[in-house]
$ cat data24.cif   # mmCIF, C-alpha atoms
data_target
#
loop_
_atom_site.group_PDB
_atom_site.id
_atom_site.type_symbol
_atom_site.label_atom_id
_atom_site.label_comp_id
_atom_site.auth_asym_id
_atom_site.auth_seq_id
_atom_site.Cartn_x
_atom_site.Cartn_y
_atom_site.Cartn_z
ATOM 1 C CA MET K 8 41.824 -7.581 -4.968
ATOM 2 C CA THR K 9 45.537 -8.471 -5.082
ATOM 3 C CA ASN K 10 46.937 -5.551 -7.072
ATOM 4 C CA GLU K 11 49.143 -3.402 -4.801
ATOM 5 C CA THR K 12 47.967 -0.127 -6.372
ATOM 6 C CA ASP K 13 44.350 -1.112 -5.674
ATOM 7 C CA LEU K 14 45.140 -1.975 -2.052
ATOM 8 C CA ARG K 15 46.826 1.441 -1.615
ATOM 9 C CA LEU K 16 43.724 3.090 -3.129
ATOM 10 C CA LEU K 17 41.573 1.094 -0.691
ATOM 11 C CA GLU K 18 43.572 2.468 2.288
ATOM 12 C CA LYS K 19 43.357 5.984 0.848
ATOM 13 C CA LEU K 20 39.561 5.676 0.524
ATOM 14 C CA ALA K 21 39.170 4.463 4.130
ATOM 15 C CA SER K 22 41.086 7.481 5.496
ATOM 16 C CA ALA K 23 39.235 9.873 3.139
ATOM 17 C CA LYS K 24 35.889 8.525 4.391
ATOM 18 C CA GLU K 25 36.953 9.132 8.005
ATOM 19 C CA GLN K 26 37.949 12.740 7.207
ATOM 20 C CA PHE K 27 34.729 13.232 5.237
ATOM 21 C CA PHE K 28 32.499 12.289 8.198
ATOM 22 C CA GLU K 29 34.612 14.374 10.577
ATOM 23 C CA GLU K 30 34.255 17.471 8.367
ATOM 24 C CA ILE K 31 30.587 17.083 7.388
ATOM 25 C CA GLY K 32 29.725 16.639 11.077
ATOM 26 C CA LYS K 33 30.478 20.377 11.450
ATOM 27 C CA THR K 34 27.353 21.274 9.445
ATOM 28 C CA ILE K 35 25.194 18.109 9.405
ATOM 29 C CA ILE K 36 24.121 16.430 12.627
ATOM 30 C CA GLY K 37 23.169 12.743 12.435
ATOM 31 C CA GLN K 38 21.963 11.259 9.089
ATOM 32 C CA LYS K 39 25.031 8.968 8.891
ATOM 33 C CA ASN K 40 23.078 6.254 7.085
ATOM 34 C CA VAL K 41 21.814 8.724 4.456
ATOM 35 C CA LEU K 42 25.334 10.111 3.891
ATOM 36 C CA ASP K 43 26.725 6.571 3.623
ATOM 37 C CA HIS K 44 24.212 5.732 0.889
ATOM 38 C CA ILE K 45 24.909 8.972 -0.998
ATOM 39 C CA LEU K 46 28.664 8.234 -0.944
ATOM 40 C CA ILE K 47 28.019 4.674 -2.173
ATOM 41 C CA ALA K 48 25.880 5.990 -5.058
ATOM 42 C CA LEU K 49 28.571 8.540 -5.990
ATOM 43 C CA LEU K 50 31.235 5.784 -6.126
ATOM 44 C CA CYS K 51 28.907 3.671 -8.315
ATOM 45 C CA LYS K 52 28.176 6.596 -10.693
ATOM 46 C CA GLY K 53 24.504 6.114 -9.774
ATOM 47 C CA HIS K 54 21.993 8.930 -9.309
ATOM 48 C CA THR K 55 19.886 9.193 -6.184
ATOM 49 C CA LEU K 56 16.315 10.115 -5.312
ATOM 50 C CA ILE K 57 15.893 11.595 -1.823
ATOM 51 C CA VAL K 58 12.441 11.653 -0.254
ATOM 52 C CA GLY K 59 11.748 13.621 2.909
ATOM 53 C CA VAL K 60 9.560 16.373 4.323
ATOM 54 C CA PRO K 61 10.792 20.002 4.017
ATOM 55 C CA GLY K 62 13.296 21.374 6.520
ATOM 56 C CA LEU K 63 15.491 18.300 6.983
ATOM 57 C CA ALA K 64 18.628 20.020 5.582
ATOM 58 C CA LYS K 65 18.668 18.099 2.276
ATOM 59 C CA THR K 66 20.082 21.086 0.352
ATOM 60 C CA LEU K 67 22.675 21.909 3.035
ATOM 61 C CA MET K 68 23.798 18.260 3.109
ATOM 62 C CA ILE K 69 24.362 18.096 -0.655
ATOM 63 C CA LYS K 70 26.018 21.539 -0.791
ATOM 64 C CA SER K 71 28.381 20.565 2.053
ATOM 65 C CA MET K 72 29.244 17.319 0.253
ATOM 66 C CA ALA K 73 30.153 19.211 -2.931
ATOM 67 C CA GLN K 74 32.454 21.498 -0.897
ATOM 68 C CA LEU K 75 34.236 18.583 0.782
ATOM 69 C CA LEU K 76 34.673 16.708 -2.488
ATOM 70 C CA ASP K 77 35.924 19.748 -4.435
ATOM 71 C CA LEU K 78 33.060 19.494 -6.940
ATOM 72 C CA ASN K 79 30.980 22.160 -8.677
ATOM 73 C CA PHE K 80 27.534 22.335 -7.085
ATOM 74 C CA SER K 81 24.466 23.357 -9.052
ATOM 75 C CA ARG K 82 20.893 23.593 -7.784
ATOM 76 C CA ILE K 83 17.818 23.495 -10.019
ATOM 77 C CA GLN K 84 14.500 24.396 -8.417
ATOM 78 C CA PHE K 85 11.802 22.581 -10.375
ATOM 79 C CA THR K 86 8.598 24.539 -10.986
ATOM 80 C CA PRO K 87 5.552 23.932 -13.244
ATOM 81 C CA ASP K 88 6.782 26.547 -15.778
ATOM 82 C CA LEU K 89 10.399 25.282 -16.046
ATOM 83 C CA MET K 90 11.383 24.511 -19.666
ATOM 84 C CA PRO K 91 13.900 21.842 -20.798
ATOM 85 C CA SER K 92 16.250 24.581 -22.085
ATOM 86 C CA ASP K 93 16.233 26.181 -18.600
ATOM 87 C CA ILE K 94 18.099 23.035 -17.466
ATOM 88 C CA THR K 95 20.267 22.104 -20.423
ATOM 89 C CA GLY K 96 21.144 25.553 -21.785
ATOM 90 C CA THR K 97 20.222 27.502 -24.867
ATOM 91 C CA GLU K 98 21.576 28.741 -28.223
ATOM 92 C CA VAL K 99 21.766 32.535 -28.496
ATOM 93 C CA ILE K 100 22.551 34.651 -31.586
ATOM 94 C CA GLU K 101 25.688 36.732 -30.999
ATOM 95 C CA GLN K 102 26.964 39.520 -33.230
ATOM 96 C CA ASN K 103 30.677 40.092 -33.775
ATOM 97 C CA ARG K 104 31.169 43.846 -33.267
ATOM 98 C CA SER K 105 34.123 44.212 -35.621
ATOM 99 C CA THR K 106 32.765 42.180 -38.571
ATOM 100 C CA GLY K 107 29.021 42.430 -37.909
ATOM 101 C CA LYS K 108 28.778 38.668 -38.496
ATOM 102 C CA ARG K 109 26.145 36.802 -36.493
ATOM 103 C CA THR K 110 26.782 33.366 -35.006
ATOM 104 C CA PHE K 111 25.044 31.013 -32.606
ATOM 105 C CA LYS K 112 26.633 30.582 -29.194
ATOM 106 C CA PHE K 113 25.629 27.908 -26.688
ATOM 107 C CA PHE K 114 25.129 29.109 -23.109
ATOM 108 C CA LYS K 115 25.355 26.234 -20.649
ATOM 109 C CA GLY K 116 22.459 25.576 -18.277
ATOM 110 C CA PRO K 117 22.690 24.559 -14.593
ATOM 111 C CA ILE K 118 22.999 20.855 -15.552
ATOM 112 C CA PHE K 119 26.687 21.596 -16.291
ATOM 113 C CA GLY K 120 28.012 20.885 -12.821
ATOM 114 C CA ASN K 121 29.385 17.878 -10.933
ATOM 115 C CA ILE K 122 26.810 17.533 -8.170
ATOM 116 C CA ILE K 123 23.344 18.586 -9.300
ATOM 117 C CA LEU K 124 20.543 19.058 -6.800
ATOM 118 C CA ALA K 125 17.248 18.654 -8.685
ATOM 119 C CA ASP K 126 14.915 20.088 -6.059
ATOM 120 C CA GLU K 127 11.290 18.866 -6.038
ATOM 121 C CA ILE K 128 11.584 17.026 -9.355
ATOM 122 C CA ASN K 129 7.888 16.051 -9.141
ATOM 123 C CA ARG K 130 6.829 19.735 -9.421
ATOM 124 C CA THR K 131 7.678 20.011 -13.116
ATOM 125 C CA PRO K 132 5.911 18.589 -16.220
ATOM 126 C CA PRO K 133 7.125 15.333 -17.870
ATOM 127 C CA LYS K 134 8.828 17.138 -20.784
ATOM 128 C CA THR K 135 11.233 18.927 -18.415
ATOM 129 C CA GLN K 136 11.720 15.820 -16.250
ATOM 130 C CA SER K 137 12.729 13.947 -19.429
ATOM 131 C CA ALA K 138 15.432 16.530 -20.252
ATOM 132 C CA LEU K 139 17.035 15.914 -16.847
ATOM 133 C CA LEU K 140 16.650 12.127 -17.051
ATOM 134 C CA GLU K 141 18.171 12.041 -20.537
ATOM 135 C CA ALA K 142 21.228 14.011 -19.362
ATOM 136 C CA MET K 143 21.520 11.635 -16.362
ATOM 137 C CA GLN K 144 21.536 8.617 -18.672
ATOM 138 C CA GLU K 145 23.732 9.917 -21.499
ATOM 139 C CA HIS K 146 26.080 12.247 -19.531
ATOM 140 C CA ASN K 147 25.697 14.766 -22.350
ATOM 141 C CA VAL K 148 23.280 17.396 -23.654
ATOM 142 C CA THR K 149 22.216 17.928 -27.272
ATOM 143 C CA ALA K 150 21.316 21.449 -28.399
ATOM 144 C CA ALA K 151 20.734 22.521 -32.025
ATOM 145 C CA GLY K 152 22.179 19.226 -33.256
ATOM 146 C CA LYS K 153 25.432 19.575 -31.287
ATOM 147 C CA THR K 154 26.382 17.311 -28.390
ATOM 148 C CA HIS K 155 27.951 18.861 -25.292
ATOM 149 C CA ASP K 156 29.581 16.454 -22.820
ATOM 150 C CA LEU K 157 28.987 16.847 -19.091
ATOM 151 C CA GLU K 158 32.087 16.933 -16.909
ATOM 152 C CA GLU K 159 32.866 13.843 -14.794
ATOM 153 C CA PRO K 160 32.083 13.026 -12.062
ATOM 154 C CA PHE K 161 28.434 13.825 -12.817
ATOM 155 C CA PHE K 162 26.029 13.020 -10.014
ATOM 156 C CA VAL K 163 22.337 13.968 -9.727
ATOM 157 C CA LEU K 164 20.457 14.016 -6.427
ATOM 158 C CA ALA K 165 16.751 14.624 -6.974
ATOM 159 C CA THR K 166 14.442 15.435 -4.061
ATOM 160 C CA GLN K 167 10.746 14.683 -3.780
ATOM 161 C CA ASN K 168 8.414 16.079 -1.179
ATOM 162 C CA PRO K 169 6.089 13.321 0.121
ATOM 163 C CA ILE K 170 3.433 15.826 1.223
ATOM 164 C CA GLU K 171 1.552 18.480 -0.822
ATOM 165 C CA GLN K 172 0.757 16.234 -3.766
ATOM 166 C CA GLU K 173 -1.572 18.752 -5.497
ATOM 167 C CA GLY K 174 -0.127 20.120 -8.716
ATOM 168 C CA THR K 175 2.658 17.540 -8.874
ATOM 169 C CA TYR K 176 3.724 15.205 -11.671
ATOM 170 C CA PRO K 177 4.869 11.911 -10.093
ATOM 171 C CA LEU K 178 7.748 10.241 -11.940
ATOM 172 C CA PRO K 179 6.584 7.168 -13.914
ATOM 173 C CA GLU K 180 7.972 3.803 -12.715
ATOM 174 C CA ALA K 181 10.146 3.387 -15.833
ATOM 175 C CA GLN K 182 11.825 6.726 -15.088
ATOM 176 C CA LEU K 183 12.221 6.008 -11.370
ATOM 177 C CA ASP K 184 14.284 2.984 -12.453
ATOM 178 C CA ARG K 185 16.979 5.408 -13.710
ATOM 179 C CA PHE K 186 17.799 6.266 -10.092
ATOM 180 C CA MET K 187 20.146 3.824 -8.413
ATOM 181 C CA PHE K 188 18.828 4.560 -4.901
ATOM 182 C CA ASN K 189 15.658 5.870 -3.326
ATOM 183 C CA ILE K 190 16.693 7.187 0.102
ATOM 184 C CA LEU K 191 14.211 8.207 2.777
ATOM 185 C CA ILE K 192 15.271 11.004 5.141
ATOM 186 C CA ASP K 193 13.519 10.829 8.485
ATOM 187 C CA TYR K 194 13.128 13.316 11.332
ATOM 188 C CA PRO K 195 16.145 13.628 13.680
ATOM 189 C CA ASP K 196 15.885 12.085 17.156
ATOM 190 C CA ARG K 197 15.457 14.301 20.244
ATOM 191 C CA ASN K 198 19.181 14.744 21.045
ATOM 192 C CA GLU K 199 20.048 15.432 17.405
ATOM 193 C CA GLU K 200 17.278 18.029 17.170
ATOM 194 C CA ILE K 201 18.580 19.784 20.317
ATOM 195 C CA SER K 202 22.093 19.921 18.758
ATOM 196 C CA ILE K 203 20.684 21.170 15.429
ATOM 197 C CA VAL K 204 18.734 23.999 17.064
ATOM 198 C CA GLU K 205 21.706 24.960 19.278
ATOM 199 C CA SER K 206 24.141 25.147 16.368
ATOM 200 C CA THR K 207 21.816 26.947 13.927
ATOM 201 C CA THR K 208 20.490 29.648 16.263
ATOM 202 C CA ALA K 209 23.894 30.960 17.387
ATOM 203 C CA ALA K 210 26.580 32.850 15.481
ATOM 204 C CA SER K 211 28.911 30.435 13.697
ATOM 205 C CA ASP K 212 31.420 30.572 10.884
ATOM 206 C CA VAL K 213 32.097 26.989 9.863
ATOM 207 C CA LYS K 214 34.690 26.473 7.142
ATOM 208 C CA LEU K 215 34.754 23.046 5.517
ATOM 209 C CA LYS K 216 38.059 21.835 4.111
ATOM 210 C CA LYS K 217 38.295 19.694 0.987
ATOM 211 C CA VAL K 218 39.021 16.041 1.798
ATOM 212 C CA ILE K 219 38.944 14.276 -1.594
ATOM 213 C CA THR K 220 39.993 15.614 -5.002
ATOM 214 C CA ARG K 221 38.017 15.150 -8.212
ATOM 215 C CA LYS K 222 40.828 12.970 -9.619
ATOM 216 C CA ASN K 223 40.608 10.685 -6.562
ATOM 217 C CA ILE K 224 36.810 10.322 -6.903
ATOM 218 C CA ILE K 225 37.230 9.116 -10.497
ATOM 219 C CA ALA K 226 39.958 6.663 -9.338
ATOM 220 C CA PHE K 227 37.648 5.346 -6.569
ATOM 221 C CA GLN K 228 34.781 4.969 -9.077
ATOM 222 C CA ASN K 229 37.033 2.847 -11.312
ATOM 223 C CA LEU K 230 38.186 0.835 -8.283
ATOM 224 C CA VAL K 231 34.560 -0.220 -7.556
ATOM 225 C CA LEU K 232 34.428 -1.999 -10.945
ATOM 226 C CA ARG K 233 37.590 -3.975 -10.085
ATOM 227 C CA VAL K 234 36.262 -5.331 -6.755
ATOM 228 C CA PRO K 235 35.861 -9.114 -7.127
ATOM 229 C CA ILE K 236 32.495 -10.711 -6.365
ATOM 230 C CA SER K 237 31.979 -14.384 -5.526
ATOM 231 C CA ASN K 238 29.368 -16.542 -7.268
ATOM 232 C CA ASN K 239 27.291 -17.097 -4.122
ATOM 233 C CA VAL K 240 26.949 -13.309 -3.573
ATOM 234 C CA LEU K 241 26.002 -12.799 -7.224
ATOM 235 C CA GLU K 242 23.435 -15.627 -7.071
ATOM 236 C CA PHE K 243 21.986 -14.243 -3.816
ATOM 237 C CA ALA K 244 21.415 -10.832 -5.498
ATOM 238 C CA VAL K 245 19.805 -12.423 -8.582
ATOM 239 C CA ASP K 246 17.540 -14.640 -6.417
ATOM 240 C CA LEU K 247 16.554 -11.698 -4.193
ATOM 241 C CA VAL K 248 15.507 -9.549 -7.165
ATOM 242 C CA SER K 249 13.654 -12.385 -8.933
ATOM 243 C CA SER K 250 11.790 -13.167 -5.675
ATOM 244 C CA THR K 251 10.110 -9.709 -5.955
ATOM 245 C CA ARG K 252 8.363 -10.771 -9.185
ATOM 246 C CA PRO K 253 4.857 -12.268 -8.948
ATOM 247 C CA GLY K 254 4.332 -15.601 -10.690
ATOM 248 C CA ALA K 255 3.990 -19.366 -10.195
ATOM 249 C CA LYS K 256 7.297 -19.637 -8.278
ATOM 250 C CA ALA K 257 6.756 -16.514 -6.128
ATOM 251 C CA LYS K 258 5.971 -16.542 -2.411
ATOM 252 C CA LYS K 259 2.283 -16.285 -1.537
ATOM 253 C CA PHE K 260 2.539 -12.753 -0.072
ATOM 254 C CA ILE K 261 4.349 -11.493 -3.219
ATOM 255 C CA ASN K 262 1.467 -12.663 -5.430
ATOM 256 C CA GLU K 263 -1.001 -11.121 -2.983
ATOM 257 C CA TRP K 264 0.654 -7.707 -2.600
ATOM 258 C CA ILE K 265 2.882 -6.992 -5.615
ATOM 259 C CA GLU K 266 1.766 -5.653 -9.002
ATOM 260 C CA TRP K 267 5.193 -6.155 -10.597
ATOM 261 C CA GLY K 268 8.719 -6.747 -9.383
ATOM 262 C CA ALA K 269 12.180 -5.360 -10.073
ATOM 263 C CA GLY K 270 14.123 -5.861 -13.313
ATOM 264 C CA PRO K 271 17.799 -6.761 -13.978
ATOM 265 C CA ARG K 272 18.924 -3.153 -13.388
ATOM 266 C CA ALA K 273 18.076 -3.687 -9.702
ATOM 267 C CA THR K 274 20.504 -6.650 -9.563
ATOM 268 C CA GLN K 275 23.250 -4.523 -11.152
ATOM 269 C CA CYS K 276 22.649 -1.782 -8.564
ATOM 270 C CA LEU K 277 22.675 -4.294 -5.675
ATOM 271 C CA ILE K 278 26.050 -5.698 -6.780
ATOM 272 C CA LEU K 279 27.646 -2.306 -7.483
ATOM 273 C CA GLY K 280 26.307 -0.930 -4.183
ATOM 274 C CA ALA K 281 27.621 -3.979 -2.287
ATOM 275 C CA LYS K 282 31.089 -3.526 -3.840
ATOM 276 C CA ALA K 283 31.183 0.199 -2.961
ATOM 277 C CA ARG K 284 29.964 -0.471 0.591
ATOM 278 C CA ALA K 285 32.737 -3.050 1.058
ATOM 279 C CA ILE K 286 35.555 -0.755 -0.064
ATOM 280 C CA LEU K 287 34.172 2.161 1.973
ATOM 281 C CA ASP K 288 34.496 -0.168 4.976
ATOM 282 C CA GLY K 289 38.070 -0.981 3.939
ATOM 283 C CA ARG K 290 37.244 -4.554 2.790
ATOM 284 C CA PRO K 291 38.622 -5.827 -0.542
ATOM 285 C CA THR K 292 35.576 -7.951 -1.440
ATOM 286 C CA ALA K 293 31.780 -7.775 -0.951
ATOM 287 C CA ASP K 294 29.620 -10.329 0.868
ATOM 288 C CA ILE K 295 25.910 -11.198 1.235
ATOM 289 C CA GLN K 296 25.497 -8.728 4.141
ATOM 290 C CA ASP K 297 26.521 -5.910 1.782
ATOM 291 C CA VAL K 298 23.816 -6.971 -0.695
ATOM 292 C CA LYS K 299 21.204 -7.111 2.091
ATOM 293 C CA ALA K 300 22.211 -3.603 3.264
ATOM 294 C CA MET K 301 21.500 -2.278 -0.265
ATOM 295 C CA ALA K 302 18.089 -3.988 -0.625
ATOM 296 C CA LEU K 303 15.823 -1.181 0.660
ATOM 297 C CA PRO K 304 17.267 1.815 -1.240
ATOM 298 C CA VAL K 305 17.631 -0.253 -4.440
ATOM 299 C CA LEU K 306 14.248 -2.000 -4.425
ATOM 300 C CA ARG K 307 11.752 0.374 -2.787
ATOM 301 C CA HIS K 308 11.129 2.376 -5.997
ATOM 302 C CA ARG K 309 11.353 -0.630 -8.339
ATOM 303 C CA VAL K 310 8.769 -2.925 -6.730
ATOM 304 C CA LEU K 311 5.182 -1.774 -7.194
ATOM 305 C CA PRO K 312 2.640 -2.755 -4.507
ATOM 306 C CA ASN K 313 -0.923 -3.448 -5.699
ATOM 307 C CA PHE K 314 -4.283 -2.288 -4.393
ATOM 308 C CA SER K 315 -4.492 -5.149 -1.842
ATOM 309 C CA ALA K 316 -1.205 -4.100 -0.199
ATOM 310 C CA GLU K 317 -2.440 -0.495 0.048
ATOM 311 C CA ALA K 318 -5.815 -1.621 1.410
ATOM 312 C CA GLU K 319 -4.069 -3.711 4.091
ATOM 313 C CA GLY K 320 -1.683 -0.857 4.924
ATOM 314 C CA MET K 321 1.406 -2.825 3.828
ATOM 315 C CA LYS K 322 4.326 -0.502 3.095
ATOM 316 C CA ILE K 323 6.828 -1.525 0.407
ATOM 317 C CA ASP K 324 9.722 -1.486 2.942
ATOM 318 C CA GLU K 325 7.855 -4.026 5.114
ATOM 319 C CA ILE K 326 7.376 -6.335 2.105
ATOM 320 C CA ILE K 327 11.091 -6.145 1.171
ATOM 321 C CA LEU K 328 12.154 -6.817 4.790
ATOM 322 C CA LYS K 329 9.775 -9.795 4.854
ATOM 323 C CA LEU K 330 11.527 -11.155 1.741
ATOM 324 C CA LEU K 331 14.962 -10.653 3.340
ATOM 325 C CA SER K 332 13.979 -12.458 6.514
#
$ encode --input "data24.cif" --output "structure tokens"
Amino acid sequence: MTNETDLRLLEKLASAKEQFFEEIGKTIIGQKNVLDHILIALLCKGHTLIVGVPGLAKTLMIKSMAQLLDLNFSRIQFTPDLMPSDITGTEVIEQNRSTGKRTFKFFKGPIFGNIILADEINRTPPKTQSALLEAMQEHNVTAAGKTHDLEEPFFVLATQNPIEQEGTYPLPEAQLDRFMFNILIDYPDRNEEISIVESTTAASDVKLKKVITRKNIIAFQNLVLRVPISNNVLEFAVDLVSSTRPGAKAKKFINEWIEWGAGPRATQCLILGAKARAILDGRPTADIQDVKAMALPVLRHRVLPNFSAEAEGMKIDEIILKLLS
């Protein structure tokens, strides 16, 4: 990255990131790694799946982010009776009072926002899931033959609850692939939990100030695409992804434990994520460590363990870490 404008943007991003963590720390305690990954996904224009038990402040985190980034926040609570039009919007007949003429008017659904929280996406039937996934892919919505564009930046964070699996509709593997990252949110440690309880059980009036404008986010997203990548980093990412695929050349434990491996989209996500991680750290180019840091969130929902892995209690994260080592 030799362009002076790009280097100035890089400095601007580093200071914006610092301000972002300072501000979000007023409402969110801990979870730095999760927030880092969400920021990386936003810069890569990639959507994110967040998995964690209830009560870990997922909604508050995403709402606070939207405030800091000056973006419109929209929350969709997925339920078994939610219809596709409840997400995308609907055509309504309207009558002109002066002429009596009737026309169709499109009323936008909650998908028309910048940061969309799709809460408990596995609680709704496949037809409604598809409406969300289609909007995520195309960045537009079609209603009554007309296409309505979604405003940029457009970023979907979908949550899944790992417990209470009765009455849920798990996302098929092909649809999980549409998400750039699968991020696991864990319980806070003891000190963090003490701070959380102290701050949430006393009177407080926290005001978050905006740290990045919408225009800047779009500039940072374009900057990610201009980050140079060396051949050895590119080859490392390709080799890592192909090593998840069972076959004659695969490692013994991959053939034993993996049903099928990740496709080329995983390699694209690894490289984009590595580039975004580098510039968030203030570095003008990505290295192999950046690719390794992206391996778990990028691969854990794209590599499918088989029955043997489940029988032996092998978790997918353990298998990926074994490949990395």
$ atom_distance --input "data24.cif" --atom1 "atom CA of Ser71 of chain K" --atom2 "atom CA of Pro177 of chain K"
27.8 Å
$ atom_distance --input "data24.cif" --atom1 "atom CA of Ala257 of chain K" --atom2 "atom CA of Ala293 of chain K"
27.0 Å
$ closest_residue --input "data24.cif" --among "K:Pro304, K:Pro312, K:Pro291, K:Pro91" --to "Glu11 of chain K" --atoms "all atoms listed in the file"
K:Pro291
$ resolve_selection --input "data24.cif" --expression "the PyMOL selection byres ((chain K and resi 111-115) around 7)" --output "number ranges by chain"
K: 95-101, 110, 116-117, 119
$ atom_distance --input "data24.cif" --atom1 "atom CA of Val298 of chain K" --atom2 "atom CA of Arg185 of chain K"
19.2 Å
$ residues_around --input "data24.cif" --residues "segment 123-134 of chain K" --least-positions-apart "4" --cutoff "6 Å" --atoms "all atoms listed in the file" --output "CSV table (one decimal) with C-alpha atoms, in the coordinates of the input"
chain,number,residue,atom,x,y,z
K,81,SER,CA,24.5,23.4,-9.1
K,82,ARG,CA,20.9,23.6,-7.8
K,83,ILE,CA,17.8,23.5,-10.0
K,84,GLN,CA,14.5,24.4,-8.4
K,85,PHE,CA,11.8,22.6,-10.4
K,86,THR,CA,8.6,24.5,-11.0
K,87,PRO,CA,5.6,23.9,-13.2
K,163,VAL,CA,22.3,14.0,-9.7
K,164,LEU,CA,20.5,14.0,-6.4
K,165,ALA,CA,16.8,14.6,-7.0
K,166,THR,CA,14.4,15.4,-4.1
K,167,GLN,CA,10.7,14.7,-3.8
K,175,THR,CA,2.7,17.5,-8.9
K,176,TYR,CA,3.7,15.2,-11.7
K,177,PRO,CA,4.9,11.9,-10.1
$ residues_around --input "data24.cif" --residues "segment 327-329 of chain K" --least-positions-apart "6" --cutoff "12 Å" --atoms "only C-alpha atoms" --output "list in words"
Leu247, Val248, Ser250, Thr251, Arg252, Lys258, Lys259, Phe260, Ile261, Trp264, Ile265, Gly268, Ala269, Lys299, Ala300, Met301, Ala302, Leu303, Pro304, Val305, Leu306, Arg307, His308, Arg309, Val310, Leu311, Pro312 and Met321 of chain K
$ residues_around --input "data24.cif" --residues "Ile47 of chain K" --least-positions-apart "3" --cutoff "9 Å" --atoms "all atoms listed in the file" --output "list in words"
Leu42, Asp43, His44, Leu50, Cys51, Lys52, Gly53, Leu279, Gly280, Ala281, Lys282, Ala283, Arg284 and Leu287 of chain K
$ write_last_selection --input "data24.cif" --atoms "C-alpha atoms" --output "PDB file, keeping the file's coordinate frame"
ATOM      1  CA  LEU K  42      25.334  10.111   3.891  1.00  0.00           C
ATOM      2  CA  ASP K  43      26.725   6.571   3.623  1.00  0.00           C
ATOM      3  CA  HIS K  44      24.212   5.732   0.889  1.00  0.00           C
ATOM      4  CA  LEU K  50      31.235   5.784  -6.126  1.00  0.00           C
ATOM      5  CA  CYS K  51      28.907   3.671  -8.315  1.00  0.00           C
ATOM      6  CA  LYS K  52      28.176   6.596 -10.693  1.00  0.00           C
ATOM      7  CA  GLY K  53      24.504   6.114  -9.774  1.00  0.00           C
ATOM      8  CA  LEU K 279      27.646  -2.306  -7.483  1.00  0.00           C
ATOM      9  CA  GLY K 280      26.307  -0.930  -4.183  1.00  0.00           C
ATOM     10  CA  ALA K 281      27.621  -3.979  -2.287  1.00  0.00           C
ATOM     11  CA  LYS K 282      31.089  -3.526  -3.840  1.00  0.00           C
ATOM     12  CA  ALA K 283      31.183   0.199  -2.961  1.00  0.00           C
ATOM     13  CA  ARG K 284      29.964  -0.471   0.591  1.00  0.00           C
ATOM     14  CA  LEU K 287      34.172   2.161   1.973  1.00  0.00           C
TER      15      LEU K 287
END
$ residues_around --input "data24.cif" --residues "segment 214-217 of chain K" --least-positions-apart "6" --cutoff "10 Å" --atoms "all atoms listed in the file" --output "list in words"
Gln26, Phe27, Glu30, Ile31, Gly32, Lys33, Thr34, Ser71, Met72, Ala73, Gln74, Leu75, Leu76, Asp77 and Leu78 of chain K
$ closest_residue --input "data24.cif" --among "K:Met68, K:Ile192, K:Phe314, K:Thr55" --to "Met143 of chain K" --atoms "all atoms listed in the file"
K:Thr55
$ residues_around --input "data24.cif" --residues "Gln38 of chain K" --least-positions-apart "6" --cutoff "12 Å" --atoms "all atoms listed in the file" --output "list of chain:residue names"
K:Phe28, K:Ile31, K:Gly32, K:His44, K:Ile45, K:Leu63, K:Ala64, K:Lys65, K:Met68, K:Ile190, K:Leu191, K:Ile192, K:Asp193, K:Tyr194, K:Pro195, K:Asp196, K:Glu199, K:Glu200, K:Ile203
$ resolve_selection --input "data24.cif" --expression "the PyMOL selection byres ((chain K and resi 186) around 8)" --output "PyMOL selection string"
chain K and resi 53-56+182-185+187-189
$ closest_residue --input "data24.cif" --among "K:Glu141, K:Asn79, K:Gly59, K:Gly107" --to "Ile94 of chain K" --atoms "only C-alpha atoms"
K:Glu141
$ closest_residue --input "data24.cif" --among "K:Ile236, K:Leu178, K:Ala316, K:Ile36" --to "Leu277 of chain K" --atoms "only C-alpha atoms"
K:Ile236
